Amino acid sequence: MVLRNLIIMLFLFSLAVLTYDSLPYFHFSVYRPVAMFPMFAASFLLLFCDFRFRPGDLFFIAFVIYSIGHSLVAAIGYEDAGSSLKHVITLLFGLSMYRVSVYIAEETKTDPALKGWIAKSLLIGFIPPVAFGFIQLVDALVLHSGFSLPLTGLFSEKVYRGRIQLLSGEPSWGAIHMLSGGILMFYLFKQGFRKHLVLLIGTAVLLVLSFSAYAYSVLLTALLIYVLITSKNRGKMLLVLAACVLVVGVGVPFLLEAFHVSGYFTDRFQFDFNSLIKTDNSFFIRVVFPAIGFLEFAHHPLFGVGGGFYYRDFAELLLKNFNDGLVFKEVHDLVFDTPEMATSRNLLSKVFAEEGLIGAALFFGFMFSALRSAGASPYAKFAFALCVSLVMNFDSYSFVNFWLLIGFIRGGFFNEQPAAVAVGSVMQRMKGMKRIA
C-alpha cells in the first residue's frame with residue numbers, strides 16, 4: 001500500500017507540473033519537461049509491484065528493443081555513440097511514462113477516489129499557466145507593453161513577445177498542453193467534477209485567441225481522424241469539424257483584424273502556402289523537415305537510418321531538394337554548422353526515417369492496439385485522434401502528453417464506470433487516501 005501510494009503521488013506531482021517544459025534553470029535539452037522525472041521514478045517503483053504489460057503492448061516492447069538494438073549497431077557504423085545514447089534515453093523515458101500512465105488508469109477502475117485526486121492535480125497543474133495565459137493575452141491585445149515577458153521568463157528560457165505560450169518553452173507547446181489538458185478537463189467535468197468547467201472555458205478561450213496555426217491544425221486534424229475512426233455521431237462531428245474550419249478560416253482573420261494583431265504568425269492566416277514556405281522559417285521547417293524524413297525512408301526502406309540518426313542524410317537531402325530554405329538562418333546553421341542537431345519535427349516521419357518498415361510496423365501495431373482499447377468511448381477515441389495529430393510537430397519519445405493520453409486509453413481511464421460509482425463516494429474515499437498521505 002505504501003509503495004502504491006508513492007507511485008500515485010509521483011504521478012500526481014507529474015500532472016501538477018505538466019506544463020513546465022522548458023525551465024531556464026537546467027539545460028539538458030531544448031524540450032525538458034519536469035513531469036518526466038517523477039514519472040521515471042514512479043516507473044522504477046513499479047518494478048516492485050505486480051504490474052504486467054497488456055497483450056497489445058508486445059508491439060511497443062518489441063519496438064523499443066528493436067529500436068535500441070538497431071541504434072546501437074548503427075552507432076558503431078557511424079562512430080557516433082552520443083546520438084544513439086540520447087535516442088535510447090528518450091525511448092526509456094517514453095516507456096516509463098507509458099507504464100505509469102497505464103498503471104494509474106487501471107487503478108482508477110478499482111479505486112474511483114483516484115480520479116478525484118487526478119482532477120485536483122489537473123487543477124493545480126493548469127490554473128497557474130492559464131492565469132499566465134490571460135496575463136499574456138491582456139499584454140498582447142490591450143496593453144502592448146511587454147510587461148508579461150519577465151514573468152514568463154521565470155518559467156521559460158525563451159519568451160515570445162505578443163504570443164500566448166502559457167509557461168511553456170514555445171507557443172506551440174502551450175497549445176499542446178491546452179489541447180491535451182482540455183480533453184481531460186472535459187471528461188472529468190462530464191464525470192461530475194464541476195470545478196473544471198471554468199478552467200475548461202478559460203482554456204478554450206486562450207486556445208482560440210492564441211492565434212496558433214499549429215493549435216488549430218492539430219485540433220482540425222484530430223477532429224478529422226475522429227470522424228474517420230468512429231461511426232457514432234459522425235454527422236454531428238462533421239458539423240463540429242465544419243464549424244471549426246469556419247472559425248479558423250473566417251473567424252480568426254476577423255479577430256486578427258478587429259484586435260489589430262500583427263506579427264510573423266499572423267501572415268499564416270492569409271493561407272498563401274507558396275509564400276509561407278519561402279518567407280516563414282517555422283512553416284518551412286514544419287513542412288520540409290518531416291518531408292526529408294520520408295525521403296530518408298525512401299532511401300533506406302527496410303531498416304531506416306537508425307534511431308537518433310535522422311541527421312545523417314539531412315544536409316545532403318535538403319541541399320538537393322529544398323535549398324531555397326538556406327535563406328533562413330536556422331536552416332542554414334543546421335546544414336553547415338550543426339547538422340547533428342537536425343530533427344524531423346514529426347514523430348511519424350522520425351519512425352519511418354530511423355526505423356524503416358520493420359520499426360514502423362511494430363510502432364503502428366502498438367498504435368492500432370491502443371485504438372482497439374478505446375472501444376466505444378468517444379473520449380478515448382478523441383484522445384487517440386489527438387495523440388496522432390499532436391506528434392505532427394513533435395518528434396521526441398519523451399513527449400509526456402502523448403504517453404499520458406495513450407496510457408490512459410490503454411488502461412481504460414476513459415471507460416464508463418458502473419452507476420454505483422458516484423462522485424459522492426469518490427470524494428469520501430479521497431478523504432481516506434488523504435489521511436494515508
# chains A, B, ... in the order shown; residues from 1 in each chain; ligands from 1

$ closest_atom_pairs --of "range 255-344 of chain A" --to "range 142-153 of chain A" --cutoff "12 Å" --atoms "only C-alpha atoms" --output "Markdown table"
| residue | atom | partner | partner_atom | distance |
| --- | --- | --- | --- | --- |
| A:Ala258 | CA | A:Val142 | CA | 11.9 |
| A:Phe259 | CA | A:Val142 | CA | 8.4 |
| A:His260 | CA | A:Val142 | CA | 9.9 |
| A:Val261 | CA | A:Val142 | CA | 10.1 |
| A:Ser262 | CA | A:His144 | CA | 11.2 |

$ write_last_selection --atoms "all heavy atoms" --output "short mmCIF file (atom, residue, chain, number, x, y, z; two decimals), in the first residue's frame"
data_model
loop_
_atom_site.label_atom_id
_atom_site.label_comp_id
_atom_site.auth_asym_id
_atom_site.auth_seq_id
_atom_site.Cartn_x
_atom_site.Cartn_y
_atom_site.Cartn_z
N ALA A 258 -9.78 42.79 -36.06
CA ALA A 258 -10.50 43.55 -35.04
C ALA A 258 -9.59 43.99 -33.91
O ALA A 258 -9.71 45.11 -33.40
CB ALA A 258 -11.67 42.72 -34.50
N PHE A 259 -8.66 43.12 -33.51
CA PHE A 259 -7.75 43.43 -32.41
C PHE A 259 -6.43 44.06 -32.89
O PHE A 259 -5.55 44.34 -32.07
CB PHE A 259 -7.43 42.16 -31.60
CG PHE A 259 -8.57 41.68 -30.76
CD1 PHE A 259 -9.18 40.45 -31.02
CD2 PHE A 259 -9.05 42.43 -29.70
CE1 PHE A 259 -10.22 39.99 -30.25
CE2 PHE A 259 -10.09 41.98 -28.91
CZ PHE A 259 -10.69 40.75 -29.19
N HIS A 260 -6.32 44.26 -34.18
CA HIS A 260 -5.11 44.86 -34.76
C HIS A 260 -3.85 44.08 -34.37
O HIS A 260 -2.83 44.66 -33.98
CB HIS A 260 -4.97 46.33 -34.33
CG HIS A 260 -6.18 47.17 -34.64
ND1 HIS A 260 -6.51 47.52 -35.93
CD2 HIS A 260 -7.14 47.69 -33.83
CE1 HIS A 260 -7.64 48.25 -35.90
NE2 HIS A 260 -8.04 48.36 -34.64
N VAL A 261 -3.97 42.77 -34.46
CA VAL A 261 -2.85 41.91 -34.12
C VAL A 261 -1.92 41.80 -35.33
O VAL A 261 -2.37 41.57 -36.45
CB VAL A 261 -3.32 40.49 -33.72
CG1 VAL A 261 -2.14 39.60 -33.39
CG2 VAL A 261 -4.28 40.59 -32.53
N SER A 262 -0.65 42.00 -35.09
CA SER A 262 0.33 41.88 -36.17
C SER A 262 1.52 41.07 -35.67
O SER A 262 1.77 40.98 -34.48
CB SER A 262 0.79 43.26 -36.65
OG SER A 262 1.41 43.97 -35.60
#

$ residues_around --residues "Thr343 in chain A" --least-positions-apart "2" --cutoff "7 Å" --atoms "only C-alpha atoms" --output "list in words"
Tyr310, Tyr311, Met341 and Arg345 of chain A

$ residues_around --residues "Arg372 in chain A" --least-positions-apart "4" --cutoff "9 Å" --atoms "only C-alpha atoms" --output "list in words"
Met367, Phe368 and Arg410 of chain A

$ write_last_selection --atoms "N, CA, C and O atoms" --output "mmCIF file, in the first residue's frame"
data_model
loop_
_atom_site.group_PDB
_atom_site.id
_atom_site.type_symbol
_atom_site.label_atom_id
_atom_site.label_comp_id
_atom_site.auth_asym_id
_atom_site.auth_seq_id
_atom_site.Cartn_x
_atom_site.Cartn_y
_atom_site.Cartn_z
ATOM 1 N N MET A 367 0.045 1.259 -31.910
ATOM 2 C CA MET A 367 -0.971 2.309 -32.000
ATOM 3 C C MET A 367 -2.334 1.713 -32.324
ATOM 4 O O MET A 367 -3.365 2.160 -31.802
ATOM 5 N N PHE A 368 -2.365 0.700 -33.185
ATOM 6 C CA PHE A 368 -3.638 0.050 -33.510
ATOM 7 C C PHE A 368 -4.223 -0.632 -32.281
ATOM 8 O O PHE A 368 -5.437 -0.600 -32.053
ATOM 9 N N ARG A 410 -5.085 3.001 -22.976
ATOM 10 C CA ARG A 410 -4.780 1.572 -22.821
ATOM 11 C C ARG A 410 -5.238 1.034 -21.467
ATOM 12 O O ARG A 410 -5.646 -0.127 -21.357
#

$ residues_around --residues "Ser180 in chain A" --least-positions-apart "4" --cutoff "7 Å" --atoms "only C-alpha atoms" --output "CSV table (one decimal) with C-alpha atoms, in the first residue's frame"
chain,number,residue,atom,x,y,z
A,176,ILE,CA,-0.2,21.0,-26.8
A,184,LEU,CA,-9.0,15.6,-19.6
A,401,ASN,CA,1.4,14.4,-23.1

$ closest_residue --among "A:Tyr216, A:Phe132, A:Phe59, A:Tyr160" --to "Gly359 in chain A" --atoms "only C-alpha atoms"
A:Phe59

$ closest_atom_pairs --of "range 187-289 of chain A" --to "range 114-118 of chain A" --cutoff "12 Å" --atoms "only C-alpha atoms" --output "Markdown table"
| residue | atom | partner | partner_atom | distance |
| --- | --- | --- | --- | --- |
| A:Tyr187 | CA | A:Lys115 | CA | 10.8 |
| A:Leu188 | CA | A:Lys115 | CA | 8.2 |
| A:Phe189 | CA | A:Gly116 | CA | 11.1 |
| A:Gln191 | CA | A:Lys115 | CA | 9.4 |
| A:Gly192 | CA | A:Gly116 | CA | 9.8 |
| A:Phe193 | CA | A:Gly116 | CA | 7.9 |
| A:Arg194 | CA | A:Gly116 | CA | 11.4 |
| A:Lys195 | CA | A:Gly116 | CA | 11.3 |
| A:His196 | CA | A:Gly116 | CA | 11.5 |

$ residues_around --residues "Ser349 in chain A" --least-positions-apart "3" --cutoff "8 Å" --atoms "only C-alpha atoms" --output "JSON, numbers by chain"
{"A": [290, 291, 293, 294, 344, 345, 346, 352, 353]}

$ closest_atom_pairs --of "range 186-251 of chain A" --to "range 388-396 of chain A" --cutoff "12 Å" --atoms "only C-alpha atoms" --output "JSON lines"
{"residue": "A:Ala213", "atom": "CA", "partner": "A:Asn393", "partner_atom": "CA", "distance": 11.5}
{"residue": "A:Tyr214", "atom": "CA", "partner": "A:Asn393", "partner_atom": "CA", "distance": 8.1}
{"residue": "A:Ala215", "atom": "CA", "partner": "A:Leu390", "partner_atom": "CA", "distance": 8.9}
{"residue": "A:Tyr216", "atom": "CA", "partner": "A:Ser389", "partner_atom": "CA", "distance": 10.8}
{"residue": "A:Ser217", "atom": "CA", "partner": "A:Ser389", "partner_atom": "CA", "distance": 8.3}
{"residue": "A:Val218", "atom": "CA", "partner": "A:Ser389", "partner_atom": "CA", "distance": 5.3}
{"residue": "A:Leu219", "atom": "CA", "partner": "A:Ser389", "partner_atom": "CA", "distance": 7.7}
{"residue": "A:Leu220", "atom": "CA", "partner": "A:Ser389", "partner_atom": "CA", "distance": 8.8}
{"residue": "A:Thr221", "atom": "CA", "partner": "A:Ser389", "partner_atom": "CA", "distance": 5.9}
{"residue": "A:Ala222", "atom": "CA", "partner": "A:Ser389", "partner_atom": "CA", "distance": 5.6}
{"residue": "A:Leu223", "atom": "CA", "partner": "A:Ser389", "partner_atom": "CA", "distance": 9.3}
{"residue": "A:Leu224", "atom": "CA", "partner": "A:Ser389", "partner_atom": "CA", "distance": 9.7}
{"residue": "A:Ile225", "atom": "CA", "partner": "A:Ser389", "partner_atom": "CA", "distance": 8.3}
{"residue": "A:Tyr226", "atom": "CA", "partner": "A:Val388", "partner_atom": "CA", "distance": 10.3}

$ closest_residue --among "A:Leu197, A:Leu295, A:Asp111, A:Ile89" --to "Val64 in chain A" --atoms "only C-alpha atoms"
A:Ile89

$ atom_distance --atom1 "CA of Asn281 in chain A" --atom2 "CA of Thr266 in chain A"
13.5 Å

$ residues_around --residues "Ser67 in chain A" --least-positions-apart "4" --cutoff "10 Å" --atoms "only C-alpha atoms" --output "list in words"
Ile61, Ala62, Phe63, Ser71, Leu72, Val73, Ser84, His87, Val88, Leu91, Phe303, Gly306, Gly307, Gly308, Val351, Glu354, Glu355, Ile358 and Gly359 of chain A

$ select_by_dssp --residues "range 159-391 of chain A" --states "alpha helix (DSSP H)" --output "ChimeraX atom specification"
/A:171-190,196-209,213-229,234-246,252-258,273-279,281-299,314-321,329-336,347-374,378-390

$ atom_distance --atom1 "CA of Phe414 in chain A" --atom2 "CA of Ala380 in chain A"
5.6 Å

$ residues_around --residues "range 320-325 of chain A" --least-positions-apart "6" --cutoff "9 Å" --atoms "only C-alpha atoms" --output "list in words"
Ile277, Lys278, Asn281, Phe284, Ile285, Val288, Ile292, Val331 and His332 of chain A

$ write_last_selection --atoms "N, CA, C and O atoms" --output "PDB file, in the first residue's frame"
ATOM      1  N   ILE A 277       6.127  29.175 -47.341  1.00  0.00           N
ATOM      2  CA  ILE A 277       7.285  28.285 -47.343  1.00  0.00           C
ATOM      3  C   ILE A 277       8.552  29.023 -47.782  1.00  0.00           C
ATOM      4  O   ILE A 277       9.670  28.561 -47.542  1.00  0.00           O
ATOM      5  N   LYS A 278       8.371  30.197 -48.390  1.00  0.00           N
ATOM      6  CA  LYS A 278       9.520  31.000 -48.806  1.00  0.00           C
ATOM      7  C   LYS A 278       9.880  32.083 -47.797  1.00  0.00           C
ATOM      8  O   LYS A 278      11.000  32.584 -47.797  1.00  0.00           O
ATOM      9  N   ASN A 281      10.096  30.930 -41.609  1.00  0.00           N
ATOM     10  CA  ASN A 281      11.070  29.937 -41.170  1.00  0.00           C
ATOM     11  C   ASN A 281      10.400  28.749 -40.493  1.00  0.00           C
ATOM     12  O   ASN A 281      10.687  27.584 -40.795  1.00  0.00           O
ATOM     13  N   PHE A 284       8.409  26.558 -42.961  1.00  0.00           N
ATOM     14  CA  PHE A 284       9.327  25.779 -43.792  1.00  0.00           C
ATOM     15  C   PHE A 284       9.816  24.548 -43.042  1.00  0.00           C
ATOM     16  O   PHE A 284       9.803  23.430 -43.569  1.00  0.00           O
ATOM     17  N   ILE A 285      10.245  24.740 -41.795  1.00  0.00           N
ATOM     18  CA  ILE A 285      10.781  23.634 -41.001  1.00  0.00           C
ATOM     19  C   ILE A 285       9.711  22.577 -40.734  1.00  0.00           C
ATOM     20  O   ILE A 285       9.964  21.373 -40.849  1.00  0.00           O
ATOM     21  N   VAL A 288       9.089  20.896 -44.363  1.00  0.00           N
ATOM     22  CA  VAL A 288      10.209  20.296 -45.090  1.00  0.00           C
ATOM     23  C   VAL A 288      10.939  19.239 -44.272  1.00  0.00           C
ATOM     24  O   VAL A 288      11.300  18.173 -44.796  1.00  0.00           O
ATOM     25  N   ILE A 292      11.817  15.460 -45.434  1.00  0.00           N
ATOM     26  CA  ILE A 292      13.160  14.892 -45.546  1.00  0.00           C
ATOM     27  C   ILE A 292      13.206  13.530 -44.856  1.00  0.00           C
ATOM     28  O   ILE A 292      13.864  12.595 -45.327  1.00  0.00           O
ATOM     29  N   VAL A 331      17.891  27.243 -40.634  1.00  0.00           N
ATOM     30  CA  VAL A 331      18.122  26.154 -41.582  1.00  0.00           C
ATOM     31  C   VAL A 331      19.568  26.167 -42.054  1.00  0.00           C
ATOM     32  O   VAL A 331      20.230  25.117 -42.115  1.00  0.00           O
ATOM     33  N   HIS A 332      20.097  27.356 -42.375  1.00  0.00           N
ATOM     34  CA  HIS A 332      21.487  27.493 -42.825  1.00  0.00           C
ATOM     35  C   HIS A 332      22.453  26.948 -41.779  1.00  0.00           C
ATOM     36  O   HIS A 332      23.391  26.198 -42.094  1.00  0.00           O
TER      37      HIS A 332
END

$ closest_residue --among "A:Tyr379, A:Phe211, A:Trp403, A:Phe40" --to "Gln165 in chain A" --atoms "only C-alpha atoms"
A:Phe211

$ atom_distance --atom1 "CA of Leu12 in chain A" --atom2 "CA of Phe363 in chain A"
27.7 Å

$ closest_residue --among "A:Cys49, A:Ile68, A:Leu302, A:Leu58" --to "Ala370 in chain A" --atoms "only C-alpha atoms"
A:Leu58

$ closest_residue --among "A:Gly94, A:Gly202, A:Pro38, A:Pro171" --to "Pro128 in chain A" --atoms "only C-alpha atoms"
A:Gly202
